[in-house]
$ cat start_19.txt   # compact mmCIF, C-alpha atoms
# COMPACT_ATOMS: atom_id res chain seq x y z
CA MET A 647 4.03 9.28 -23.03
CA THR A 648 6.02 7.79 -25.92
CA TRP A 649 6.70 4.07 -25.60
CA ILE A 650 9.54 2.24 -27.28
CA GLU A 651 9.93 -1.53 -27.53
CA THR A 652 12.90 -3.73 -26.71
CA THR A 653 12.87 -7.41 -27.57
CA SER A 654 14.82 -10.55 -26.73
CA LEU A 655 14.56 -14.12 -27.94
CA THR A 656 11.50 -14.94 -25.81
CA PHE A 657 10.27 -11.68 -24.30
CA SER A 658 9.52 -8.08 -25.21
CA ALA A 659 9.33 -4.88 -23.15
CA ARG A 660 7.51 -1.57 -23.62
CA HIS A 661 9.06 1.36 -21.79
CA GLU A 662 10.24 4.94 -21.89
CA GLU A 663 13.56 5.68 -23.56
CA SER A 664 15.13 6.46 -20.17
CA ASP A 665 14.42 2.87 -19.06
CA THR A 666 16.07 1.21 -22.07
CA ALA A 667 19.08 -0.13 -20.19
CA TYR A 668 16.80 -1.31 -17.37
CA ALA A 669 14.51 -3.07 -19.85
CA GLU A 670 17.46 -4.81 -21.50
CA GLU A 671 18.62 -6.04 -18.08
CA LEU A 672 15.10 -7.28 -17.28
CA LEU A 673 14.90 -9.25 -20.52
CA ASP A 674 18.32 -10.82 -19.99
CA ARG A 675 17.33 -11.93 -16.50
CA LEU A 676 14.01 -13.29 -17.73
CA GLU A 677 15.72 -15.29 -20.46
CA ASP A 678 18.02 -16.85 -17.84
CA LEU A 679 15.06 -17.64 -15.59
CA SER A 680 13.10 -19.15 -18.46
CA LEU A 681 15.94 -21.56 -19.19
CA ARG A 682 16.15 -22.59 -15.53
CA LEU A 683 12.41 -23.16 -15.32
CA GLU A 684 12.47 -25.37 -18.41
CA ASP A 685 14.39 -27.88 -16.31
CA ARG A 686 11.65 -27.87 -13.66
CA PHE A 687 8.32 -27.49 -15.48
CA GLU A 688 6.65 -29.13 -18.42
CA ILE A 689 5.15 -25.85 -19.65
CA VAL A 690 7.18 -22.62 -19.73
CA PRO A 691 5.23 -19.97 -21.67
CA GLY A 692 6.97 -17.68 -24.14
CA GLY A 693 5.83 -14.45 -25.72
CA THR A 694 5.34 -12.61 -22.43
CA SER A 695 5.43 -8.81 -22.63
CA ILE A 696 6.82 -6.58 -19.90
CA VAL A 697 5.33 -3.10 -19.46
CA VAL A 698 7.67 -0.81 -17.50
CA HIS A 699 5.81 2.07 -15.86
CA PRO A 700 7.77 5.22 -14.97
CA SER A 701 5.88 5.89 -11.73
CA PRO A 702 3.51 4.24 -9.22
CA LEU A 703 0.71 6.41 -10.61
CA TRP A 704 1.05 4.88 -14.07
CA LEU A 705 1.11 1.40 -12.56
CA THR A 706 -2.01 2.18 -10.52
CA LEU A 707 -3.82 3.48 -13.58
CA ALA A 708 -3.06 0.19 -15.33
CA HIS A 709 -4.19 -1.85 -12.30
CA PRO A 710 -6.47 0.24 -10.03
CA PHE A 711 -6.92 -2.62 -7.55
CA LEU A 712 -3.18 -2.89 -6.80
CA PRO A 713 -3.18 -0.23 -4.02
CA ALA A 714 -5.90 -2.18 -2.20
CA VAL A 715 -3.88 -5.38 -2.50
CA ARG A 716 -0.80 -3.55 -1.22
CA TRP A 717 -2.74 -2.06 1.70
CA SER A 718 -4.02 -5.50 2.72
CA ALA A 719 -0.46 -6.91 2.96
CA ALA A 720 1.64 -6.75 6.11
CA PRO A 721 3.45 -3.37 6.33
CA ALA A 722 6.89 -4.95 5.90
CA GLY A 723 5.85 -6.47 2.58
CA ARG A 724 3.93 -3.63 0.94
CA ARG A 725 6.89 -2.10 -0.87
CA TYR A 726 7.44 -5.36 -2.77
CA LEU A 727 4.05 -5.27 -4.47
CA ALA A 728 5.56 -3.29 -7.32
CA GLY A 729 3.94 -5.04 -10.27
CA TRP A 730 1.16 -7.33 -11.40
CA PRO A 731 1.02 -10.40 -13.68
CA MET A 732 -1.54 -11.00 -16.40
CA ALA A 733 -1.79 -14.13 -18.55
CA THR A 734 0.68 -12.88 -21.16
CA GLU A 735 1.80 -9.53 -19.74
CA ILE A 736 3.68 -8.29 -16.68
CA HIS A 737 3.45 -4.73 -15.40
CA VAL A 738 6.30 -3.40 -13.23
CA LEU A 739 7.75 -0.12 -12.02
CA GLY A 740 10.71 1.51 -13.75
CA GLU A 741 14.21 1.61 -12.28
CA ARG A 742 14.02 5.06 -10.69
CA ALA A 743 10.69 4.28 -9.04
CA MET A 744 12.12 1.01 -7.74
CA ALA A 745 15.15 2.81 -6.29
CA LYS A 746 12.92 5.30 -4.46
CA ARG A 747 10.88 2.47 -2.95
CA ALA A 748 13.84 0.31 -1.85
CA ALA A 749 14.96 0.11 1.78
CA GLY A 750 18.51 -1.05 1.04
CA GLU A 751 20.62 -3.07 -1.36
CA ALA A 752 18.81 -6.40 -0.88
CA SER A 753 15.47 -4.61 -0.97
CA LEU A 754 16.37 -2.97 -4.28
CA GLU A 755 17.51 -6.29 -5.73
CA ALA A 756 14.22 -7.89 -4.66
CA LEU A 757 12.27 -5.04 -6.25
CA LYS A 758 14.29 -5.23 -9.46
CA GLY A 759 13.45 -8.94 -9.52
CA THR A 760 9.70 -8.25 -9.56
CA ALA A 761 9.36 -9.17 -13.24
CA GLU A 762 11.17 -12.48 -12.64
CA ARG A 763 8.99 -13.30 -9.64
CA LEU A 764 5.81 -12.52 -11.56
CA TYR A 765 6.96 -14.53 -14.56
CA ALA A 766 7.55 -17.50 -12.25
CA GLN A 767 3.95 -17.03 -11.11
CA ILE A 768 2.81 -17.19 -14.75
CA VAL A 769 4.79 -20.40 -15.23
CA VAL A 770 3.25 -21.98 -12.12
CA SER A 771 -0.26 -21.06 -13.31
CA ALA A 772 0.49 -22.51 -16.76
CA ASN A 773 1.19 -25.83 -15.06
CA ASN A 774 -1.80 -25.62 -12.69
CA GLY A 775 -4.89 -24.16 -14.36
CA ALA A 776 -6.57 -23.55 -11.00
CA LEU A 777 -4.16 -20.72 -10.14
CA PRO A 778 -4.02 -17.13 -11.42
CA PRO A 779 -3.25 -15.51 -13.74
CA PRO A 780 -5.55 -15.00 -15.60
CA TRP A 781 -7.57 -13.34 -12.86
CA THR A 782 -11.03 -14.81 -13.28
CA PRO A 783 -13.41 -14.43 -10.29
CA GLY A 784 -12.92 -18.08 -9.38
CA ARG A 785 -9.13 -17.89 -9.53
CA PHE A 786 -9.08 -14.68 -7.52
CA LEU A 787 -11.13 -16.30 -4.73
CA ARG A 788 -8.82 -19.30 -4.85
CA TYR A 789 -5.83 -16.97 -4.60
CA LEU A 790 -7.14 -15.61 -1.29
CA SER A 791 -6.92 -19.10 0.23
CA TRP A 792 -3.70 -20.14 -1.51
CA ALA A 793 -1.77 -16.85 -1.60
CA TRP A 794 1.17 -18.37 0.32
CA LEU A 795 1.51 -21.00 -2.42
CA VAL A 796 1.17 -18.56 -5.33
CA GLU A 797 3.54 -15.94 -3.92
CA GLY A 798 5.88 -18.35 -2.17
CA SER A 799 6.43 -20.60 -5.17
CA ALA A 800 7.11 -17.57 -7.37
CA GLN A 801 9.74 -16.34 -4.92
CA HIS A 802 11.31 -19.76 -4.63
CA PHE A 803 11.49 -20.55 -8.34
CA SER A 804 12.91 -17.10 -9.11
CA ARG A 805 15.50 -17.64 -6.33
CA GLN A 806 14.56 -14.50 -4.41
CA VAL A 807 13.67 -15.76 -0.93
CA ASP A 808 16.99 -14.67 0.61
CA LEU A 809 16.49 -11.13 -0.66
CA TYR A 810 13.44 -10.75 1.60
CA ARG A 811 15.26 -11.76 4.78
CA ALA A 812 15.46 -8.25 6.28
CA ALA A 813 11.77 -7.68 5.56
CA VAL A 814 10.91 -11.06 7.12
CA ILE A 815 12.82 -10.09 10.28
CA ARG A 816 10.95 -6.77 10.41
CA ARG A 817 7.62 -8.58 9.98
CA LEU A 818 8.38 -11.03 12.79
CA ARG A 819 9.51 -8.25 15.11
CA GLU A 820 6.66 -5.85 14.43
CA GLY A 821 3.69 -8.10 13.77
CA SER A 822 1.72 -10.76 15.57
CA ARG A 823 2.63 -14.45 15.47
CA PRO A 824 2.25 -15.60 11.83
CA SER A 825 -0.32 -18.25 11.06
CA PHE A 826 0.57 -21.57 9.46
CA PRO A 827 0.52 -21.70 6.56
CA PRO A 828 1.01 -17.94 6.16
CA GLY A 829 -2.15 -15.94 5.55
CA ARG A 830 -2.76 -13.61 2.65
CA ARG A 831 -1.21 -10.64 4.50
CA ASP A 832 2.06 -12.53 4.96
CA ALA A 833 2.16 -14.39 1.65
CA ILE A 834 4.58 -12.02 -0.10
CA LEU A 835 7.11 -12.29 2.77
CA LEU A 836 6.71 -15.73 4.34
CA GLY A 837 5.38 -17.91 1.53
CA GLY A 838 8.82 -18.46 0.05
CA THR A 839 10.24 -19.71 3.35
CA ILE A 840 7.96 -22.75 3.18
CA PHE A 841 9.22 -23.65 -0.28
CA ASP A 842 12.88 -23.22 0.62
CA LEU A 843 12.31 -25.39 3.70
CA LEU A 844 10.55 -28.01 1.59
CA GLU A 845 13.40 -28.20 -0.92
CA ASP A 846 15.93 -28.46 1.91
CA TYR A 847 13.93 -31.26 3.53
CA ARG A 848 12.69 -33.28 0.55
CA GLY A 849 15.08 -32.31 -2.25
CA GLY A 850 14.52 -31.48 -5.91
CA GLY A 851 11.07 -31.97 -7.36
CA ALA A 852 9.15 -31.54 -4.11
CA CYS A 853 8.29 -27.89 -4.76
CA GLU A 854 7.05 -28.64 -8.27
CA LEU A 855 4.88 -31.38 -6.81
CA VAL A 856 3.21 -29.15 -4.22
CA VAL A 857 2.13 -26.58 -6.85
CA ALA A 858 0.99 -29.15 -9.41
CA ARG A 859 -2.35 -29.84 -7.74
CA LEU A 860 -4.47 -28.11 -5.09
CA ARG A 861 -5.93 -30.74 -2.79
CA ARG A 862 -9.65 -30.49 -2.11
CA ASP A 863 -9.09 -30.73 1.65
CA GLY A 864 -7.11 -27.49 1.63
CA PRO A 865 -3.63 -26.00 1.94
CA VAL A 866 -2.62 -27.92 5.06
CA ALA A 867 -3.28 -31.21 3.25
CA ASN A 868 -1.01 -30.03 0.41
CA LEU A 869 1.78 -29.44 2.89
CA GLU A 870 1.28 -32.76 4.68
CA PHE A 871 1.47 -34.54 1.34
CA ALA A 872 4.54 -32.59 0.19
CA PHE A 873 6.51 -33.07 3.43
CA ASP A 874 5.09 -36.54 4.14
CA LEU A 875 4.57 -35.37 7.73
CA GLU A 876 1.65 -34.38 9.92
CA ALA A 877 0.77 -30.68 9.90
CA ARG A 878 1.98 -30.13 13.47
CA GLU A 879 5.41 -31.53 12.53
CA VAL A 880 5.65 -29.34 9.44
CA GLU A 881 4.63 -26.28 11.44
CA ALA A 882 7.24 -27.01 14.11
CA MET A 883 9.93 -27.32 11.42
CA TRP A 884 8.83 -24.08 9.80
CA ARG A 885 8.83 -22.08 13.01
CA GLN A 886 12.31 -23.39 13.81
CA TYR A 887 13.33 -22.36 10.28
CA LEU A 888 12.09 -18.83 11.00
CA ARG A 889 13.98 -18.71 14.30
CA ASP A 890 17.15 -19.78 12.54
CA LEU A 891 16.52 -17.19 9.85
CA VAL A 892 16.31 -14.24 12.22
CA ARG A 893 18.78 -15.29 14.93
CA PRO A 894 22.09 -14.16 13.27
CA ASP A 895 20.99 -10.51 13.11
CA THR A 896 18.99 -10.43 16.34
CA THR A 897 20.66 -8.76 19.32
CA VAL A 898 19.57 -7.90 22.84
CA ARG A 899 18.25 -4.32 22.90
CA ASN A 900 17.14 -1.94 25.64
CA GLU A 901 15.00 0.26 23.41
CA GLY A 902 11.59 -1.21 24.13
CA GLU A 903 11.93 -4.00 21.56
CA GLY A 904 12.54 -6.79 24.08
CA SER A 905 15.36 -9.29 24.26
CA GLU A 906 16.39 -11.88 21.71
CA ILE A 907 14.95 -14.62 23.91
CA ASP A 908 11.57 -12.87 24.16
CA PHE A 909 11.47 -12.24 20.41
CA LEU A 910 12.32 -15.81 19.46
CA ALA A 911 9.80 -17.17 21.95
CA GLU A 912 7.04 -15.35 20.08
CA LEU A 913 7.71 -17.57 17.05
CA ASP A 914 6.81 -20.75 18.98

$ encode --input "start_19.txt" --output "structure tokens"
Amino acid sequence: MTWIETTSLTFSARHEESDTAYAEELLDRLEDLSLRLEDRFEIVPGGTSIVVHPSPLWLTLAHPFLPAVRWSAAPAGRRYLAGWPMATEIHVLGERAMAKRAAGEASLEALKGTAERLYAQIVVSANNGALPPPWTPGRFLRYLSWAWLVEGSAQHFSRQVDLYRAAVIRRLREGSRPSFPPGRRDAILLGGTIFDLLEDYRGGGACELVVARLRRDGPVANLEFAFDLEAREVEAMWRQYLRDLVRPDTTVRNEGEGSEIDFLAELD
């Protein structure tokens, strides 16, 4: 395969010629995101390269562990694991592969925002050296316990949480009651809801504070500190937030899915 390179002020992309327009769009969006993140973080790395792979096979060859990570996620969230961040490099699928994977307009927009979400993850890790990337053994083990924070903050800071709403509704309808905070399987879908709730409740700066330091007594202690509430109060707020999120599109059905009341009760 012949690669060509497209550059912008801060970023560069390697891709096939057929993905040139897509790469240019990615770089423009990343430049805009970088400027927004400079207002929120002390360190915003530059010089990040984007590698655009024409198919899932090429992406898997670059990161053989990605299919296992995708398999371990909740079914509703697997399609959105369409890339992987390294310390100075982001690997994503090309536009045609993204379009084949999408489940609708919002789903496609979320997939096309993969590079932005992963760059936000790089920025968060640059401001908290305990978080990946880079993917050292210690950081990977830490990721397993703090996946909701890593994935959720990246969604929040790249302003993509709303794009996952349909997938969140599917997850809540099809899966078991989510844990609090969300476990690793639900991190890609539900992690961002905690950050959006936190910003609504505490205002600007609260989300940056919660990712700045991982408390030794665990994720729940981070949330109690960020919300300035006991864990049970934060959990109650979050579950109400999820009910409010799904209610507008939830209707009573007679197709074996149960009623709206039954579905919402499962979130309590």

$ residues_near_point --input "start_19.txt" --point "(10.8, -7.9, -7.4)" --cutoff "10 Å" --atoms "all atoms listed in the file" --output "ChimeraX atom specification"
/A:725-729,738-739,744,753-764,801,804,806,809-810

$ residues_around --input "start_19.txt" --residues "Ala720 of chain A" --least-positions-apart "6" --cutoff "8 Å" --atoms "all atoms listed in the file" --output "VMD selection string"
chain A and resid 817 831 to 832

$ closest_residue --input "start_19.txt" --among "A:Trp794, A:Gly723, A:Ile689, A:Pro779" --to "Arg816 of chain A" --atoms "only C-alpha atoms"
A:Gly723

$ closest_residue --input "start_19.txt" --among "A:Phe871, A:Trp717, A:Tyr789, A:Phe826" --to "Val856 of chain A" --atoms "only C-alpha atoms"
A:Phe871

$ atom_distance --input "start_19.txt" --atom1 "atom CA of Gly829 of chain A" --atom2 "atom CA of Ala719 of chain A"
9.5 Å

$ atom_distance --input "start_19.txt" --atom1 "atom CA of Val857 of chain A" --atom2 "atom CA of Tyr887 of chain A"
20.9 Å

$ closest_residue --input "start_19.txt" --among "A:Trp704, A:Trp884, A:Trp781, A:Trp649" --to "Pro731 of chain A" --atoms "all atoms listed in the file"
A:Trp781

$ atom_distance --input "start_19.txt" --atom1 "atom CA of Glu881 of chain A" --atom2 "atom CA of Gln767 of chain A"
24.4 Å

$ closest_residue --input "start_19.txt" --among "A:Arg885, A:His699, A:Arg859, A:Arg682" --to "Gly740 of chain A" --atoms "all atoms listed in the file"
A:His699

$ closest_residue --input "start_19.txt" --among "A:Ala722, A:Leu787, A:Leu703, A:Leu795" --to "Glu820 of chain A" --atoms "only C-alpha atoms"
A:Ala722

$ closest_residue --input "start_19.txt" --among "A:Ala793, A:Leu836, A:Ala882, A:Val698" --to "Leu818 of chain A" --atoms "all atoms listed in the file"
A:Leu836

$ closest_atom_pairs --input "start_19.txt" --of "segment 687-768 of chain A" --to "segment 658-673 of chain A" --cutoff "6 Å" --atoms "only C-alpha atoms" --output "CSV"
residue,atom,partner,partner_atom,distance
A:Ser695,CA,A:Ser658,CA,4.9
A:Ile696,CA,A:Ala659,CA,4.4
A:Val697,CA,A:Arg660,CA,4.9
A:Val698,CA,A:His661,CA,5.0

$ residues_around --input "start_19.txt" --residues "Ala776 of chain A" --least-positions-apart "2" --cutoff "9 Å" --atoms "only C-alpha atoms" --output "ChimeraX atom specification"
/A:771,774,778,784-785,788,859-860

$ axis_aligned_box --input "start_19.txt" --around "segment 669-684 of chain A" --padding-each-side "4 Å" --output "JSON"
{"center_x": 15.5, "center_y": -14.2, "center_z": -18.4, "size_x": 14.2, "size_y": 30.3, "size_z": 14.2}
